[in-house]
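S.K.: Handing over input26.csv, CSV, N, CA and C atoms.
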```
chain,number,residue,atom,x,y,z
A,29,MET,N,22.1,-15.1,0.9
A,29,MET,CA,23.5,-15.3,1.0
A,29,MET,C,23.9,-16.5,2.0
A,30,PRO,N,23.0,-16.7,3.0
A,30,PRO,CA,23.4,-17.8,3.9
A,30,PRO,C,23.4,-19.2,3.2
A,31,GLU,N,22.6,-19.3,2.1
A,31,GLU,CA,22.6,-20.6,1.4
A,31,GLU,C,24.0,-20.9,0.8
A,32,LYS,N,24.7,-19.9,0.5
A,32,LYS,CA,26.1,-20.0,-0.1
A,32,LYS,C,27.0,-20.8,0.9
A,33,TYR,N,26.7,-20.7,2.2
A,33,TYR,CA,27.4,-21.4,3.2
A,33,TYR,C,26.7,-22.6,3.8
A,34,GLY,N,25.7,-23.0,3.1
A,34,GLY,CA,24.9,-24.2,3.6
A,34,GLY,C,24.2,-24.0,4.9
A,35,THR,N,23.7,-22.8,5.1
A,35,THR,CA,22.9,-22.5,6.3
A,35,THR,C,21.7,-21.8,6.0
A,36,GLU,N,20.9,-21.5,7.0
A,36,GLU,CA,19.6,-20.9,6.9
A,36,GLU,C,19.4,-19.8,8.0
A,37,VAL,N,18.8,-18.7,7.7
A,37,VAL,CA,18.5,-17.7,8.7
A,37,VAL,C,17.0,-17.8,9.1
A,38,ILE,N,16.8,-18.0,10.4
A,38,ILE,CA,15.4,-18.0,10.9
A,38,ILE,C,15.2,-16.7,11.7
A,39,ARG,N,14.2,-15.9,11.4
A,39,ARG,CA,14.0,-14.7,12.1
A,39,ARG,C,13.0,-14.9,13.2
A,40,VAL,N,13.3,-14.3,14.3
A,40,VAL,CA,12.4,-14.3,15.5
A,40,VAL,C,12.2,-12.9,16.0
A,41,LYS,N,11.3,-12.7,16.9
A,41,LYS,CA,11.1,-11.4,17.6
A,41,LYS,C,12.4,-10.9,18.2
A,42,ASP,N,12.6,-9.6,18.3
A,42,ASP,CA,13.8,-9.0,18.8
A,42,ASP,C,13.7,-8.8,20.3
A,43,SER,N,13.8,-10.0,21.0
A,43,SER,CA,13.8,-10.0,22.5
A,43,SER,C,14.7,-11.1,22.9
A,44,HIS,N,15.2,-11.0,24.1
A,44,HIS,CA,16.1,-12.0,24.6
A,44,HIS,C,15.3,-13.3,24.8
A,45,TYR,N,14.1,-13.2,25.3
A,45,TYR,CA,13.2,-14.4,25.5
A,45,TYR,C,13.0,-15.1,24.2
A,46,ALA,N,12.7,-14.4,23.1
A,46,ALA,CA,12.6,-15.1,21.8
A,46,ALA,C,13.8,-15.7,21.3
A,47,MET,N,15.0,-15.1,21.6
A,47,MET,CA,16.3,-15.7,21.2
A,47,MET,C,16.5,-17.0,22.0
A,48,MET,N,16.2,-16.9,23.3
A,48,MET,CA,16.4,-18.2,24.1
A,48,MET,C,15.5,-19.3,23.6
A,49,ASN,N,14.3,-19.0,23.2
A,49,ASN,CA,13.4,-20.0,22.7
A,49,ASN,C,13.9,-20.5,21.3
A,50,ALA,N,14.5,-19.7,20.5
A,50,ALA,CA,15.1,-20.2,19.3
A,50,ALA,C,16.1,-21.2,19.4
A,51,THR,N,16.8,-21.2,20.6
A,51,THR,CA,17.8,-22.3,20.8
A,51,THR,C,17.2,-23.7,20.9
A,52,GLU,N,15.9,-23.8,21.1
A,52,GLU,CA,15.2,-25.1,21.1
A,52,GLU,C,14.9,-25.6,19.8
A,53,ILE,N,15.0,-24.8,18.7
A,53,ILE,CA,14.8,-25.3,17.4
A,53,ILE,C,15.9,-26.2,16.9
A,54,PRO,N,15.5,-27.5,16.5
A,54,PRO,CA,16.5,-28.4,16.1
A,54,PRO,C,17.5,-27.9,15.0
A,55,GLY,N,18.8,-28.1,15.2
A,55,GLY,CA,19.8,-27.7,14.2
A,55,GLY,C,20.3,-26.3,14.4
A,56,VAL,N,19.7,-25.5,15.3
A,56,VAL,CA,20.2,-24.1,15.5
A,56,VAL,C,21.5,-24.2,16.3
A,57,GLY,N,22.6,-23.6,15.6
A,57,GLY,CA,23.9,-23.6,16.2
A,57,GLY,C,24.4,-22.3,16.8
A,58,LEU,N,23.6,-21.2,16.4
A,58,LEU,CA,24.0,-19.8,16.8
A,58,LEU,C,22.8,-19.0,16.8
A,59,VAL,N,22.6,-18.1,17.8
A,59,VAL,CA,21.5,-17.2,17.8
A,59,VAL,C,22.1,-15.8,18.1
A,60,GLY,N,21.8,-14.9,17.2
A,60,GLY,CA,22.4,-13.5,17.3
A,60,GLY,C,21.3,-12.5,17.4
A,61,GLY,N,21.4,-11.5,18.2
A,61,GLY,CA,20.4,-10.5,18.4
A,61,GLY,C,20.9,-9.1,17.9
A,62,THR,N,20.0,-8.2,17.7
A,62,THR,CA,20.3,-6.9,17.2
A,62,THR,C,21.0,-6.0,18.3
A,63,LYS,N,20.9,-6.4,19.5
A,63,LYS,CA,21.5,-5.6,20.6
A,63,LYS,C,22.9,-6.2,21.0
A,64,GLY,N,23.4,-7.1,20.2
A,64,GLY,CA,24.8,-7.6,20.4
A,64,GLY,C,24.9,-8.9,21.1
A,65,GLY,N,23.8,-9.5,21.6
A,65,GLY,CA,23.8,-10.8,22.3
A,65,GLY,C,24.0,-11.9,21.3
A,66,ILE,N,24.8,-12.9,21.7
A,66,ILE,CA,25.0,-14.1,20.9
A,66,ILE,C,24.9,-15.3,21.8
A,67,ILE,N,24.1,-16.3,21.3
A,67,ILE,CA,23.9,-17.5,22.1
A,67,ILE,C,24.4,-18.7,21.3
A,68,PHE,N,25.2,-19.5,21.9
A,68,PHE,CA,25.7,-20.7,21.3
A,68,PHE,C,25.0,-21.9,22.1
A,69,PRO,N,23.9,-22.4,21.5
A,69,PRO,CA,23.1,-23.4,22.2
A,69,PRO,C,23.9,-24.7,22.7
A,70,ASP,N,24.9,-25.0,22.0
A,70,ASP,CA,25.7,-26.2,22.5
A,70,ASP,C,26.4,-25.9,23.8
A,71,TYR,N,26.6,-24.6,24.1
A,71,TYR,CA,27.3,-24.2,25.3
A,71,TYR,C,26.3,-23.8,26.4
A,72,SER,N,25.4,-22.9,26.0
A,72,SER,CA,24.4,-22.4,27.0
A,72,SER,C,23.2,-21.8,26.3
A,73,HIS,N,22.1,-21.7,26.9
A,73,HIS,CA,20.9,-21.1,26.3
A,73,HIS,C,20.7,-19.7,26.7
A,74,ALA,N,21.8,-19.0,27.1
A,74,ALA,CA,21.8,-17.6,27.4
A,74,ALA,C,23.0,-17.0,26.9
A,75,THR,N,23.0,-15.7,26.8
A,75,THR,CA,24.2,-15.0,26.2
A,75,THR,C,25.4,-15.1,27.3
A,76,ASP,N,26.6,-15.1,26.7
A,76,ASP,CA,27.8,-15.2,27.6
A,76,ASP,C,28.9,-14.4,26.8
A,77,GLY,N,29.2,-13.2,27.2
A,77,GLY,CA,30.1,-12.3,26.5
A,77,GLY,C,31.5,-12.9,26.3
A,78,MET,N,32.1,-13.5,27.3
A,78,MET,CA,33.4,-14.0,27.2
A,78,MET,C,33.5,-15.2,26.2
A,79,PHE,N,32.5,-16.1,26.4
A,79,PHE,CA,32.4,-17.3,25.5
A,79,PHE,C,32.2,-16.8,24.0
A,80,SER,N,31.4,-15.8,23.8
A,80,SER,CA,31.1,-15.3,22.5
A,80,SER,C,32.3,-14.7,21.8
A,81,ILE,N,33.1,-14.0,22.6
A,81,ILE,CA,34.4,-13.4,22.1
A,81,ILE,C,35.3,-14.6,21.7
A,82,MET,N,35.4,-15.6,22.5
A,82,MET,CA,36.3,-16.7,22.2
A,82,MET,C,35.8,-17.4,20.9
A,83,LYS,N,34.5,-17.6,20.7
A,83,LYS,CA,34.0,-18.3,19.6
A,83,LYS,C,34.2,-17.5,18.3
A,84,VAL,N,34.0,-16.1,18.4
A,84,VAL,CA,34.2,-15.3,17.2
A,84,VAL,C,35.7,-15.3,16.8
A,85,LEU,N,36.6,-15.3,17.8
A,85,LEU,CA,38.0,-15.4,17.4
A,85,LEU,C,38.3,-16.8,16.8
A,86,GLU,N,37.7,-17.8,17.4
A,86,GLU,CA,37.9,-19.2,16.8
A,86,GLU,C,37.4,-19.2,15.4
A,87,MET,N,36.3,-18.6,15.1
A,87,MET,CA,35.7,-18.7,13.7
A,87,MET,C,36.6,-17.8,12.8
A,88,LEU,N,37.1,-16.7,13.2
A,88,LEU,CA,38.0,-15.9,12.4
A,88,LEU,C,39.3,-16.7,12.1
A,89,ALA,N,39.9,-17.4,13.1
A,89,ALA,CA,41.1,-18.1,12.9
A,89,ALA,C,40.8,-19.3,11.9
A,90,ALA,N,39.7,-19.9,12.0
A,90,ALA,CA,39.4,-21.0,11.0
A,90,ALA,C,39.1,-20.5,9.6
A,91,SER,N,38.6,-19.3,9.5
A,91,SER,CA,38.4,-18.8,8.2
A,91,SER,C,39.6,-18.0,7.5
A,92,GLY,N,40.6,-17.8,8.4
A,92,GLY,CA,41.7,-17.0,7.9
A,92,GLY,C,41.5,-15.5,7.7
A,93,LYS,N,40.4,-15.0,8.2
A,93,LYS,CA,40.1,-13.6,8.1
A,93,LYS,C,40.5,-12.9,9.4
A,94,THR,N,40.6,-11.5,9.2
A,94,THR,CA,40.8,-10.7,10.4
A,94,THR,C,39.5,-10.0,10.8
A,95,LEU,N,39.5,-9.6,12.0
A,95,LEU,CA,38.3,-8.9,12.5
A,95,LEU,C,38.1,-7.6,11.7
A,96,SER,N,39.2,-6.8,11.4
A,96,SER,CA,39.1,-5.6,10.7
A,96,SER,C,38.6,-5.9,9.2
A,97,GLY,N,39.1,-6.9,8.6
A,97,GLY,CA,38.7,-7.3,7.3
A,97,GLY,C,37.2,-7.7,7.2
A,98,THR,N,36.8,-8.4,8.2
A,98,THR,CA,35.3,-8.8,8.3
A,98,THR,C,34.5,-7.5,8.5
A,99,ASP,N,35.0,-6.6,9.3
A,99,ASP,CA,34.2,-5.3,9.5
A,99,ASP,C,34.1,-4.6,8.2
A,100,GLU,N,35.2,-4.5,7.4
A,100,GLU,CA,35.1,-3.8,6.1
A,100,GLU,C,34.2,-4.5,5.1
A,101,GLU,N,34.0,-5.8,5.2
A,101,GLU,CA,33.2,-6.5,4.3
A,101,GLU,C,31.7,-6.4,4.7
A,102,THR,N,31.4,-6.2,5.9
A,102,THR,CA,30.1,-6.1,6.4
A,102,THR,C,29.4,-4.8,6.1
A,103,PRO,N,28.2,-4.8,5.5
A,103,PRO,CA,27.5,-3.5,5.2
A,103,PRO,C,27.2,-2.8,6.5
A,104,HIS,N,27.5,-1.6,6.6
A,104,HIS,CA,27.2,-0.8,7.8
A,104,HIS,C,25.8,-0.3,7.8
A,105,LEU,N,25.2,-0.3,8.9
A,105,LEU,CA,23.8,0.2,9.1
A,105,LEU,C,23.7,1.6,9.6
A,106,PHE,N,22.9,2.4,8.9
A,106,PHE,CA,22.7,3.8,9.3
A,106,PHE,C,21.2,3.8,9.7
A,107,MET,N,21.0,4.3,10.9
A,107,MET,CA,19.7,4.2,11.4
A,107,MET,C,19.2,5.6,12.0
A,108,ALA,N,18.0,5.9,11.7
A,108,ALA,CA,17.3,7.0,12.3
A,108,ALA,C,16.1,6.5,13.1
A,109,LYS,N,15.9,6.9,14.3
A,109,LYS,CA,14.9,6.4,15.1
A,109,LYS,C,14.0,7.5,15.8
A,110,LYS,N,12.7,7.3,15.8
A,110,LYS,CA,11.9,8.3,16.4
A,110,LYS,C,10.7,7.5,17.1
A,111,ASN,N,10.5,7.8,18.4
A,111,ASN,CA,9.4,7.1,19.1
A,111,ASN,C,8.2,8.0,19.1
A,112,ILE,N,7.1,7.5,18.6
A,112,ILE,CA,5.8,8.2,18.6
A,112,ILE,C,4.9,7.2,19.3
A,113,PHE,N,4.4,7.6,20.4
A,113,PHE,CA,3.4,6.7,21.2
A,113,PHE,C,2.0,6.9,20.6
A,114,CYS,N,1.2,5.8,20.8
A,114,CYS,CA,-0.2,5.9,20.3
A,114,CYS,C,-1.1,5.1,21.2
A,115,THR,N,-2.4,5.2,21.0
A,115,THR,CA,-3.3,4.5,21.8
A,115,THR,C,-3.5,3.1,21.2
A,116,LYS,N,-4.2,2.2,21.9
A,116,LYS,CA,-4.5,0.9,21.3
A,116,LYS,C,-5.3,1.0,20.0
A,117,GLU,N,-6.2,1.9,20.0
A,117,GLU,CA,-7.1,2.1,18.8
A,117,GLU,C,-6.2,2.5,17.6
A,118,GLN,N,-5.3,3.5,17.9
A,118,GLN,CA,-4.4,4.0,16.8
A,118,GLN,C,-3.5,2.9,16.3
A,119,LYS,N,-3.0,2.1,17.2
A,119,LYS,CA,-2.1,1.0,16.9
A,119,LYS,C,-2.7,0.1,15.8
A,120,GLY,N,-3.9,-0.3,16.0
A,120,GLY,CA,-4.6,-1.2,15.0
A,120,GLY,C,-4.8,-0.5,13.7
A,121,LYS,N,-5.1,0.8,13.7
A,121,LYS,CA,-5.4,1.5,12.5
A,121,LYS,C,-4.0,1.7,11.8
A,122,ILE,N,-3.0,2.0,12.5
A,122,ILE,CA,-1.6,2.2,11.9
A,122,ILE,C,-1.2,0.9,11.2
A,123,MET,N,-1.3,-0.2,11.9
A,123,MET,CA,-0.9,-1.5,11.3
A,123,MET,C,-1.7,-1.9,10.1
A,124,ARG,N,-3.0,-1.7,10.1
A,124,ARG,CA,-3.8,-2.0,9.0
A,124,ARG,C,-3.4,-1.1,7.8
A,125,LYS,N,-3.2,0.2,8.0
A,125,LYS,CA,-2.9,1.1,7.0
A,125,LYS,C,-1.5,0.7,6.3
A,126,LEU,N,-0.5,0.4,7.2
A,126,LEU,CA,0.8,0.0,6.7
A,126,LEU,C,0.7,-1.3,5.8
A,127,VAL,N,-0.1,-2.2,6.3
A,127,VAL,CA,-0.2,-3.5,5.5
A,127,VAL,C,-0.9,-3.2,4.2
A,128,GLU,N,-1.9,-2.3,4.1
A,128,GLU,CA,-2.6,-2.0,2.9
A,128,GLU,C,-1.6,-1.2,2.0
A,129,GLU,N,-0.9,-0.2,2.5
A,129,GLU,CA,0.0,0.6,1.7
A,129,GLU,C,1.3,-0.1,1.2
A,130,SER,N,1.6,-1.2,1.9
A,130,SER,CA,2.8,-2.0,1.4
A,130,SER,C,2.5,-3.2,0.6
A,131,GLU,N,1.2,-3.3,0.2
A,131,GLU,CA,0.8,-4.4,-0.7
A,131,GLU,C,1.7,-4.5,-1.9
A,132,GLY,N,2.3,-5.7,-2.1
A,132,GLY,CA,3.1,-5.9,-3.3
A,132,GLY,C,4.6,-5.7,-3.0
A,133,LYS,N,4.9,-5.2,-1.8
A,133,LYS,CA,6.3,-4.9,-1.5
A,133,LYS,C,6.8,-6.1,-0.6
A,134,THR,N,8.1,-6.3,-0.5
A,134,THR,CA,8.6,-7.3,0.4
A,134,THR,C,8.5,-6.8,1.8
A,135,ARG,N,8.0,-7.6,2.7
A,135,ARG,CA,7.8,-7.2,4.1
A,135,ARG,C,7.9,-8.3,5.1
A,136,GLN,N,8.2,-8.0,6.3
A,136,GLN,CA,8.2,-9.0,7.4
A,136,GLN,C,7.2,-8.5,8.5
A,137,LEU,N,6.5,-9.4,9.0
A,137,LEU,CA,5.5,-9.1,10.1
A,137,LEU,C,5.9,-9.8,11.4
A,138,ILE,N,7.1,-9.5,11.9
A,138,ILE,CA,7.6,-10.2,13.1
A,138,ILE,C,7.4,-9.2,14.3
A,139,ASP,N,8.2,-8.1,14.3
A,139,ASP,CA,8.1,-7.1,15.3
A,139,ASP,C,7.5,-5.9,14.5
A,140,GLY,N,6.2,-5.7,14.6
A,140,GLY,CA,5.6,-4.6,13.9
A,140,GLY,C,5.5,-5.0,12.4
A,141,ILE,N,5.8,-4.0,11.5
A,141,ILE,CA,5.9,-4.3,10.1
A,141,ILE,C,7.2,-3.7,9.5
A,142,LYS,N,8.0,-4.5,8.8
A,142,LYS,CA,9.2,-4.1,8.2
A,142,LYS,C,9.0,-4.1,6.7
A,143,ILE,N,9.2,-3.0,6.1
A,143,ILE,CA,8.9,-2.9,4.6
A,143,ILE,C,10.3,-2.6,3.9
A,144,PHE,N,10.6,-3.4,2.9
A,144,PHE,CA,11.9,-3.3,2.2
A,144,PHE,C,11.7,-2.5,0.9
A,145,PHE,N,12.7,-1.6,0.7
A,145,PHE,CA,12.7,-0.8,-0.5
A,145,PHE,C,13.9,-1.1,-1.4
A,146,GLY,N,14.8,-1.9,-1.0
A,146,GLY,CA,15.9,-2.3,-1.7
A,146,GLY,C,16.7,-3.3,-0.9
A,147,LYS,N,17.9,-3.6,-1.3
A,147,LYS,CA,18.7,-4.6,-0.7
A,147,LYS,C,19.0,-4.3,0.8
A,148,HIS,N,19.4,-3.0,1.0
A,148,HIS,CA,19.7,-2.6,2.4
A,148,HIS,C,18.9,-1.4,2.8
A,149,GLU,N,17.8,-1.1,2.1
A,149,GLU,CA,16.9,0.0,2.6
A,149,GLU,C,15.6,-0.6,3.1
A,150,TRP,N,15.2,-0.2,4.3
A,150,TRP,CA,13.9,-0.7,4.8
A,150,TRP,C,13.5,0.2,5.9
A,151,VAL,N,12.3,0.1,6.3
A,151,VAL,CA,11.7,0.9,7.4
A,151,VAL,C,11.0,-0.1,8.3
A,152,LEU,N,11.1,0.0,9.6
A,152,LEU,CA,10.5,-0.8,10.6
A,152,LEU,C,9.6,0.0,11.5
A,153,CYS,N,8.3,-0.3,11.5
A,153,CYS,CA,7.4,0.5,12.3
A,153,CYS,C,6.8,-0.5,13.4
A,154,ILE,N,7.0,-0.1,14.6
A,154,ILE,CA,6.5,-0.8,15.8
A,154,ILE,C,5.7,0.1,16.6
A,155,PRO,N,4.4,0.2,16.3
A,155,PRO,CA,3.5,1.1,17.1
A,155,PRO,C,3.6,0.7,18.6
A,156,ILE,N,3.9,1.7,19.5
A,156,ILE,CA,4.1,1.4,20.9
A,156,ILE,C,2.9,2.1,21.6
A,157,VAL,N,2.2,1.3,22.4
A,157,VAL,CA,1.0,1.8,23.1
A,157,VAL,C,1.5,2.4,24.4
A,158,LYS,N,1.2,3.6,24.7
A,158,LYS,CA,1.6,4.3,25.9
A,158,LYS,C,0.3,4.6,26.7
A,159,GLU,N,0.2,3.9,27.7
A,159,GLU,CA,-1.0,4.0,28.6
A,159,GLU,C,-0.8,5.2,29.5
A,160,ARG,N,-1.9,6.0,29.6
A,160,ARG,CA,-1.9,7.1,30.6
A,160,ARG,C,-2.7,6.7,31.8
A,161,TYR,N,-2.1,6.8,32.9
A,161,TYR,CA,-2.8,6.5,34.2
A,161,TYR,C,-3.1,7.8,34.9
A,162,PHE,N,-4.3,7.9,35.3
A,162,PHE,CA,-4.7,9.1,36.0
A,162,PHE,C,-5.2,8.6,37.4
A,163,MET,N,-4.9,9.4,38.4
A,163,MET,CA,-5.3,9.0,39.8
A,163,MET,C,-6.3,10.0,40.3
```
When written as structure tokens, how does the structure in this file appear?
M.R.:
Amino acid sequence: MPEKYGTEVIRVKDSHYAMMNATEIPGVGLVGGTKGGIIFPDYSHATDGMFSIMKVLEMLAASGKTLSGTDEETPHLFMAKKNIFCTKEQKGKIMRKLVEESEGKTRQLIDGIKIFFGKHEWVLCIPIVKERYFM
């Protein structure tokens, strides 16, 4: 859908550091994160809430849309989350198994493995290593 508007989406890791690095890519005019942060590289290479609100209102005014109308048009995300910690050995095994099992499916390998089952259905698995320290 971004092609409809003459633009492109570049996906990066879900961290503020990765978002800030994305501002260095030539032609990037906006960087948005899953935690609500927005960066406008022409203004700053970090998030700024007040500037972001102003730019969103400016874009709405230019498009002739309302905030509530845009909210109604945007598909809503429903998420279930469960943290299960694993060892380093288990992490490698889990990732290999998921790659094997998702062969032939659309997937992204940016933060863990994201496997798509439809237009808006997907699962993201990020194995988290929890080290135990004993004294």
S.K.: Tell me which of A:Arg124, A:Arg39, A:Lys133, A:His148 sits closest to Val56 (chain A), counting only C-alpha atoms.
M.R.: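 Among the listed residues, A:Arg39 lies closest to Val56 (chain A).
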S.K.: If DSSP is run on the backbone, what residues of region 40-158 of chain A are strand (DSSP E or B)? A reply as a list in words would be ideal.
M.R.: Val59, Gly60, Ile66, Ile67, Phe113, Cys114, Arg135, Gln136, Ile141, Lys142, Ile143, Phe144, Trp150, Val151, Leu152, Cys153, Ile156 and Val157 of chain A
S.K.: Applying 8 Å and only N, CA and C atoms, which residues near Phe68 (chain A) remain after dropping the ones on its own chain fewer than 2 positions away? List them as a list in words.
M.R.: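 Near neighbours after the sequence-gap exclusion: Thr51, Val56, Gly57, Leu58, Val59, Gly60, Gly65, Ile66, Asp70, Tyr71, Ser72, His73, Ala74, Thr75, Asp76, Phe79 and Ser80 of chain A.
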S.K.: For CA of Ile38 (chain A) and CA of Ile141 (chain A), determine how far apart the two atoms are, in Å to one decimal place.
M.R.: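 Computing it gives 16.7 Å between the two atoms.
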S.K.: Name all residues at most 6.5 Å from Phe113 (chain A) (count only N, CA and C atoms; drop same-chain ones fewer than 4 positions away) and give them as a list in words.
M.R.: Ile156, Val157 and Lys158 of chain A
